[in-house]
file entry17.cif (mmCIF, C-alpha atoms)
data_coords
#
loop_
_atom_site.label_atom_id
_atom_site.label_comp_id
_atom_site.auth_asym_id
_atom_site.auth_seq_id
_atom_site.Cartn_x
_atom_site.Cartn_y
_atom_site.Cartn_z
CA MET F 1 4.99 -13.43 -20.60
CA ASN F 2 2.33 -14.95 -22.89
CA GLU F 3 0.48 -16.27 -19.86
CA LYS F 4 0.34 -12.79 -18.38
CA HIS F 5 -0.72 -11.24 -21.69
CA ASN F 6 -3.56 -13.72 -22.08
CA LYS F 7 -4.78 -12.87 -18.60
CA LEU F 8 -4.72 -9.10 -19.09
CA PRO F 9 -8.46 -8.53 -18.35
CA LEU F 10 -8.15 -10.43 -15.06
CA ARG F 11 -4.98 -8.52 -14.20
CA VAL F 12 -6.80 -5.21 -14.76
CA VAL F 13 -9.60 -6.38 -12.44
CA LEU F 14 -7.06 -7.39 -9.78
CA ALA F 15 -5.30 -4.04 -10.07
CA ALA F 16 -8.52 -2.02 -9.81
CA ALA F 17 -9.76 -4.14 -6.90
CA GLY F 18 -6.45 -3.65 -5.14
CA ILE F 19 -6.60 0.14 -5.39
CA LEU F 20 -10.26 0.27 -4.31
CA LEU F 21 -9.64 -2.00 -1.32
CA THR F 22 -6.57 0.03 -0.36
CA GLY F 23 -8.62 3.22 -0.14
CA ILE F 24 -11.39 1.52 1.82
CA SER F 25 -8.95 -0.10 4.24
CA ILE F 26 -7.25 3.22 5.02
CA GLY F 27 -10.66 4.59 6.00
CA PHE F 28 -10.95 1.73 8.50
CA PHE F 29 -7.46 2.52 9.79
CA LYS F 30 -8.34 6.15 10.38
CA ARG F 31 -11.66 5.38 12.10
CA SER F 32 -9.98 2.84 14.38
CA LEU F 33 -8.08 5.74 16.00
CA PHE F 34 -5.16 3.39 16.61
CA GLY F 35 -2.93 5.02 14.04
CA VAL F 36 -2.75 4.62 10.28
CA ASP F 37 -0.33 2.59 8.16
CA PRO F 38 3.23 4.00 7.83
CA TYR F 39 2.78 5.74 4.48
CA GLN F 40 -0.47 7.36 5.58
CA CYS F 41 1.35 8.44 8.74
CA PHE F 42 3.89 10.13 6.48
CA ALA F 43 1.10 11.72 4.37
CA ASN F 44 -0.77 12.89 7.48
CA GLY F 45 2.42 14.46 8.77
CA LEU F 46 2.75 16.41 5.55
CA ALA F 47 -0.92 17.42 5.81
CA ASN F 48 -0.11 18.99 9.18
CA VAL F 49 2.31 21.41 7.57
CA ILE F 50 0.75 21.82 4.09
CA PRO F 51 -2.80 23.17 4.45
CA ILE F 52 -4.56 21.78 1.39
CA ARG F 53 -7.20 19.07 0.91
CA PHE F 54 -5.82 15.63 1.78
CA GLY F 55 -6.83 14.01 -1.52
CA THR F 56 -5.08 16.76 -3.48
CA LEU F 57 -1.98 16.69 -1.26
CA TYR F 58 -1.77 12.91 -1.58
CA MET F 59 -1.86 13.22 -5.37
CA LEU F 60 0.87 15.89 -5.41
CA VAL F 61 3.18 13.90 -3.12
CA ASN F 62 2.73 10.85 -5.32
CA LEU F 63 3.51 12.90 -8.43
CA VAL F 64 6.88 13.78 -6.90
CA GLN F 65 7.50 10.13 -6.08
CA LEU F 66 6.40 9.15 -9.57
CA ALA F 67 9.21 11.26 -11.01
CA VAL F 68 11.69 9.44 -8.75
CA VAL F 69 10.33 6.00 -9.70
CA PHE F 70 10.44 6.96 -13.39
CA PHE F 71 14.21 7.32 -13.18
CA LEU F 72 14.73 4.35 -10.81
CA ASP F 73 12.70 1.65 -12.54
CA ARG F 74 9.90 2.39 -15.04
CA HIS F 75 8.80 -1.27 -14.88
CA TYR F 76 6.77 -0.44 -11.78
CA ILE F 77 4.79 2.32 -13.49
CA GLY F 78 1.49 1.21 -15.01
CA ILE F 79 -2.29 1.34 -14.72
CA SER F 80 -2.19 0.69 -10.98
CA THR F 81 0.26 3.54 -10.47
CA PHE F 82 -2.05 6.09 -12.05
CA LEU F 83 -5.20 4.72 -10.43
CA ASN F 84 -3.42 5.04 -7.11
CA LEU F 85 -2.09 8.48 -7.97
CA PHE F 86 -5.34 10.14 -9.02
CA LEU F 87 -8.03 8.18 -7.13
CA LEU F 88 -6.72 6.75 -3.88
CA GLY F 89 -6.72 9.95 -1.83
CA TYR F 90 -10.35 10.62 -2.70
CA ILE F 91 -11.38 6.99 -2.03
CA VAL F 92 -9.80 7.36 1.42
CA GLU F 93 -11.79 10.55 2.04
CA PHE F 94 -15.03 8.83 1.02
CA SER F 95 -14.31 5.70 3.09
CA GLU F 96 -13.47 7.66 6.22
CA SER F 97 -16.52 9.92 5.82
CA PHE F 98 -18.87 6.95 5.25
CA LEU F 99 -17.57 5.09 8.32
CA ALA F 100 -17.79 8.26 10.43
CA LYS F 101 -21.48 8.61 9.52
CA LEU F 102 -22.12 4.88 9.96
CA CYS F 103 -20.41 4.75 13.36
CA PRO F 104 -19.77 8.27 14.70
CA ASP F 105 -18.74 7.15 18.19
CA PRO F 106 -17.14 3.69 17.90
CA THR F 107 -16.63 1.61 21.03
CA LEU F 108 -13.26 0.06 21.82
CA ALA F 109 -14.43 -3.29 20.41
CA ILE F 110 -15.49 -1.65 17.12
CA ARG F 111 -12.22 0.26 16.92
CA ILE F 112 -10.27 -2.99 17.34
CA ALA F 113 -12.42 -4.60 14.63
CA PHE F 114 -11.78 -1.61 12.34
CA LEU F 115 -8.03 -1.96 12.94
CA ILE F 116 -8.04 -5.68 12.11
CA VAL F 117 -10.05 -5.06 8.95
CA GLY F 118 -7.71 -2.23 7.96
CA ILE F 119 -4.55 -4.33 8.38
CA VAL F 120 -5.86 -7.44 6.62
CA VAL F 121 -7.55 -5.64 3.73
CA THR F 122 -4.55 -3.36 3.14
CA CYS F 123 -2.24 -6.35 2.78
CA ILE F 124 -4.67 -8.27 0.56
CA ALA F 125 -5.07 -5.19 -1.62
CA ALA F 126 -1.30 -4.80 -2.03
CA ALA F 127 -0.99 -8.49 -2.89
CA LEU F 128 -3.67 -8.11 -5.59
CA TYR F 129 -2.00 -5.28 -7.46
CA TYR F 130 1.50 -6.68 -6.99
CA THR F 131 0.36 -9.91 -8.64
CA ALA F 132 -1.48 -7.99 -11.39
CA ASP F 133 1.91 -6.49 -12.32
CA LEU F 134 0.36 -3.45 -13.96
CA GLY F 135 2.32 -1.02 -11.91
CA VAL F 136 2.26 -0.34 -8.18
CA SER F 137 1.90 2.74 -6.03
CA THR F 138 4.86 5.07 -6.10
CA TYR F 139 5.58 4.25 -2.45
CA ASP F 140 5.45 0.48 -3.02
CA ALA F 141 7.73 0.79 -6.03
CA ILE F 142 10.68 2.05 -3.99
CA PRO F 143 11.06 -0.96 -1.61
CA LEU F 144 10.34 -3.30 -4.53
CA HIS F 145 13.13 -1.65 -6.56
CA ILE F 146 15.54 -1.85 -3.63
CA SER F 147 14.61 -5.48 -3.01
CA ASP F 148 15.26 -6.32 -6.68
CA ARG F 149 18.82 -5.03 -6.20
CA LYS F 150 19.43 -7.76 -3.58
CA PRO F 151 20.70 -5.45 -0.83
CA LYS F 152 22.82 -7.05 1.87
CA LEU F 153 23.03 -6.56 5.61
CA LEU F 154 25.78 -8.40 7.50
CA ASN F 155 26.44 -10.47 4.35
CA HIS F 156 22.82 -11.61 4.14
CA VAL F 157 20.56 -10.61 1.25
CA LEU F 158 17.54 -8.71 2.56
CA PRO F 159 14.22 -10.13 1.28
CA PHE F 160 11.37 -7.84 0.27
CA ARG F 161 9.64 -8.18 3.64
CA ALA F 162 12.76 -6.85 5.43
CA VAL F 163 13.20 -3.94 2.99
CA ARG F 164 9.50 -3.09 3.40
CA ILE F 165 9.82 -3.05 7.19
CA ILE F 166 12.76 -0.62 6.96
CA SER F 167 10.94 1.73 4.54
CA ASP F 168 7.80 1.61 6.70
CA LEU F 169 9.76 2.50 9.83
CA ILE F 170 11.37 5.45 8.03
CA CYS F 171 7.98 6.75 6.87
CA THR F 172 6.57 6.38 10.37
CA GLY F 173 9.49 8.30 11.86
CA VAL F 174 9.14 11.18 9.40
CA GLY F 175 5.36 11.32 9.88
CA VAL F 176 5.64 11.44 13.66
CA ALA F 177 8.34 14.12 13.41
CA LEU F 178 5.84 16.22 11.41
CA GLY F 179 3.17 15.80 14.05
CA ALA F 180 1.21 12.83 12.69
CA ARG F 181 -0.47 10.56 15.22
CA ALA F 182 1.04 7.10 15.30
CA GLY F 183 -0.36 4.23 17.31
CA VAL F 184 -0.43 0.50 17.74
CA GLY F 185 -1.87 0.13 14.22
CA THR F 186 1.08 2.03 12.77
CA VAL F 187 3.59 -0.14 14.63
CA ILE F 188 1.85 -3.39 13.66
CA THR F 189 1.76 -2.49 9.97
CA ALA F 190 5.34 -1.19 9.99
CA LEU F 191 6.56 -4.54 11.33
CA PHE F 192 4.20 -6.98 9.64
CA MET F 193 2.90 -5.57 6.34
CA GLY F 194 5.82 -6.97 4.33
CA PRO F 195 5.40 -10.55 5.60
CA LEU F 196 1.59 -10.37 5.34
CA ILE F 197 1.71 -9.11 1.75
CA SER F 198 4.02 -12.00 0.84
CA PHE F 199 1.64 -14.44 2.56
CA PHE F 200 -1.45 -13.15 0.75
CA ARG F 201 0.34 -13.25 -2.59
CA ARG F 202 1.09 -16.94 -2.09
CA THR F 203 -2.35 -17.84 -0.77
CA ILE F 204 -4.78 -15.50 -2.56
CA SER F 205 -3.63 -13.28 -5.43
CA ASP F 206 -1.20 -15.61 -7.23
CA PRO F 207 -3.68 -18.54 -7.15
CA ILE F 208 -6.43 -16.25 -8.50
CA LEU F 209 -4.31 -15.23 -11.49
CA TYR F 210 -2.37 -18.43 -12.14
CA GLY F 211 -4.66 -21.07 -10.62
CA ARG F 212 -1.80 -21.93 -8.27
CA ALA F 213 0.81 -20.29 -6.08
CA LYS F 214 3.41 -18.82 -8.44
CA GLN F 215 6.81 -20.35 -8.16
CA ALA F 216 9.53 -17.92 -7.08
#

call {"tool": "encode", "arguments": {"input": "entry17.cif", "output": "structure tokens"}}
result
Amino acid sequence: MNEKHNKLPLRVVLAAAGILLTGISIGFFKRSLFGVDPYQCFANGLANVIPIRFGTLYMLVNLVQLAVVFFLDRHYIGISTFLNLFLLGYIVEFSESFLAKLCPDPTLAIRIAFLIVGIVVTCIAAALYYTADLGVSTYDAIPLHISDRKPKLLNHVLPFRAVRIISDLICTGVGVALGARAGVGTVITALFMGPLISFFRRTISDPILYGRAKQA
């Protein structure tokens, strides 16, 4: 606890960088035209039936989830939660608009590159603000809370990566049911975001904060 307290400025930087990179990466996802990550698929589905600005809708949906997380586990609510809540939707709008102007008619090769950047940067961003431990997005908090409860399937405890895959698949299904466009990018992230986030925590974010990979 003292180690974390002494590193508070660095944790704030990690949290802010994580939120900024998340918004930028979603812009890459959208411009790849291969489908967005599962939660954005869910949000886009809602946008199809609720005709208000995406950034505002994203904030309202997260406010509802914030109320749920507040009663489930307040530990996950912090600076990162509110940065995500009030800023992420608008960062996504800016990122997508900038990339559209920069590359209005991307070739297949550029779209593939955008998809790869979106996947990698999204997972690095999540690893950064998970490690910062100053709160997470309301969506991320739910699988983290479930994982902390050590859920079992066929007498085996499900690790975070498995819980995340299940929650991502549910979000993708709801988004598609509401008319959102899913694609190969959505499927890849639904299946691999959990494992990739765990990998980047071990190899990037934990070493940045602790000078080493944090012991489980």

call {"tool": "resolve_selection", "arguments": {"input": "entry17.cif", "expression": "the PyMOL selection byres ((chain F and resi 54) around 9)", "output": "ChimeraX atom specification"}}
result
/F:43-44,47,51-53,55-59,89-90,93

call {"tool": "closest_residue", "arguments": {"input": "entry17.cif", "among": "F:Ile50, F:Gly45, F:Ser80, F:Lys7", "to": "F:Leu128", "atoms": "only C-alpha atoms"}}
result
F:Ser80

call {"tool": "resolve_selection", "arguments": {"input": "entry17.cif", "expression": "the PyMOL selection byres ((chain F and resi 161) around 9)", "output": "list in words"}}
result
Ser147, Leu158, Pro159, Phe160, Ala162, Val163, Arg164, Ile165, Ile166, Phe192, Met193, Gly194, Pro195, Leu196, Ile197 and Ser198 of chain F

call {"tool": "atom_distance", "arguments": {"input": "entry17.cif", "atom1": "atom CA of F:Leu88", "atom2": "atom CA of F:Asp140"}}
result
13.7 Å

call {"tool": "closest_atom_pairs", "arguments": {"input": "entry17.cif", "of": "stretch 95-172 of chain F", "to": "stretch 38-42 of chain F", "cutoff": "10 Å", "atoms": "only C-alpha atoms", "output": "Markdown table"}}
result
| residue | atom | partner | partner_atom | distance |
| --- | --- | --- | --- | --- |
| F:Tyr139 | CA | F:Tyr39 | CA | 7.6 |
| F:Asp140 | CA | F:Tyr39 | CA | 9.5 |
| F:Ile165 | CA | F:Pro38 | CA | 9.7 |
| F:Ser167 | CA | F:Pro38 | CA | 8.7 |
| F:Asp168 | CA | F:Pro38 | CA | 5.3 |
| F:Leu169 | CA | F:Pro38 | CA | 7.0 |
| F:Ile170 | CA | F:Pro38 | CA | 8.3 |
| F:Cys171 | CA | F:Phe42 | CA | 5.3 |
| F:Thr172 | CA | F:Pro38 | CA | 4.8 |

call {"tool": "closest_residue", "arguments": {"input": "entry17.cif", "among": "F:Val157, F:Leu10, F:Ala67, F:Leu115", "to": "F:Val187", "atoms": "only C-alpha atoms"}}
result
F:Leu115

call {"tool": "atom_distance", "arguments": {"input": "entry17.cif", "atom1": "atom CA of F:Leu99", "atom2": "atom CA of F:Asn48"}}
result
22.3 Å

call {"tool": "residues_near_point", "arguments": {"input": "entry17.cif", "point": "(9.8, 0.0, -7.7)", "cutoff": "7 Å", "atoms": "only C-alpha atoms", "output": "list of chain:residue names"}}
result
F:Val69, F:Asp73, F:Tyr76, F:Asp140, F:Ala141, F:Ile142, F:Pro143, F:Leu144, F:His145

call {"tool": "closest_residue", "arguments": {"input": "entry17.cif", "among": "F:Leu33, F:Ile146, F:Ala132, F:Ile116", "to": "F:Pro9", "atoms": "only C-alpha atoms"}}
result
F:Ala132

call {"tool": "atom_distance", "arguments": {"input": "entry17.cif", "atom1": "atom CA of F:Arg111", "atom2": "atom CA of F:Val184"}}
result
11.8 Å

call {"tool": "resolve_selection", "arguments": {"input": "entry17.cif", "expression": "the PyMOL selection byres ((chain F and resi 84) around 10)", "output": "PyMOL selection string"}}
result
chain F and resi 15-16+18-20+22-23+58-59+62+79-83+85-91+135-138

call {"tool": "closest_residue", "arguments": {"input": "entry17.cif", "among": "F:Leu46, F:Leu21, F:Ile77, F:Leu209", "to": "F:Val117", "atoms": "only C-alpha atoms"}}
result
F:Leu21

call {"tool": "closest_residue", "arguments": {"input": "entry17.cif", "among": "F:Val61, F:Ala100, F:Ala127, F:Ser32", "to": "F:Phe114", "atoms": "all atoms listed in the file"}}
result
F:Ser32

call {"tool": "closest_residue", "arguments": {"input": "entry17.cif", "among": "F:Ile204, F:Cys123, F:Ile112, F:Leu8", "to": "F:Gly35", "atoms": "all atoms listed in the file"}}
result
F:Ile112

call {"tool": "residues_around", "arguments": {"input": "entry17.cif", "residues": "F:Gly27", "least_positions_apart": "5", "cutoff": "6 Å", "atoms": "only C-alpha atoms", "output": "PyMOL selection string"}}
result
chain F and resi 92+95-96
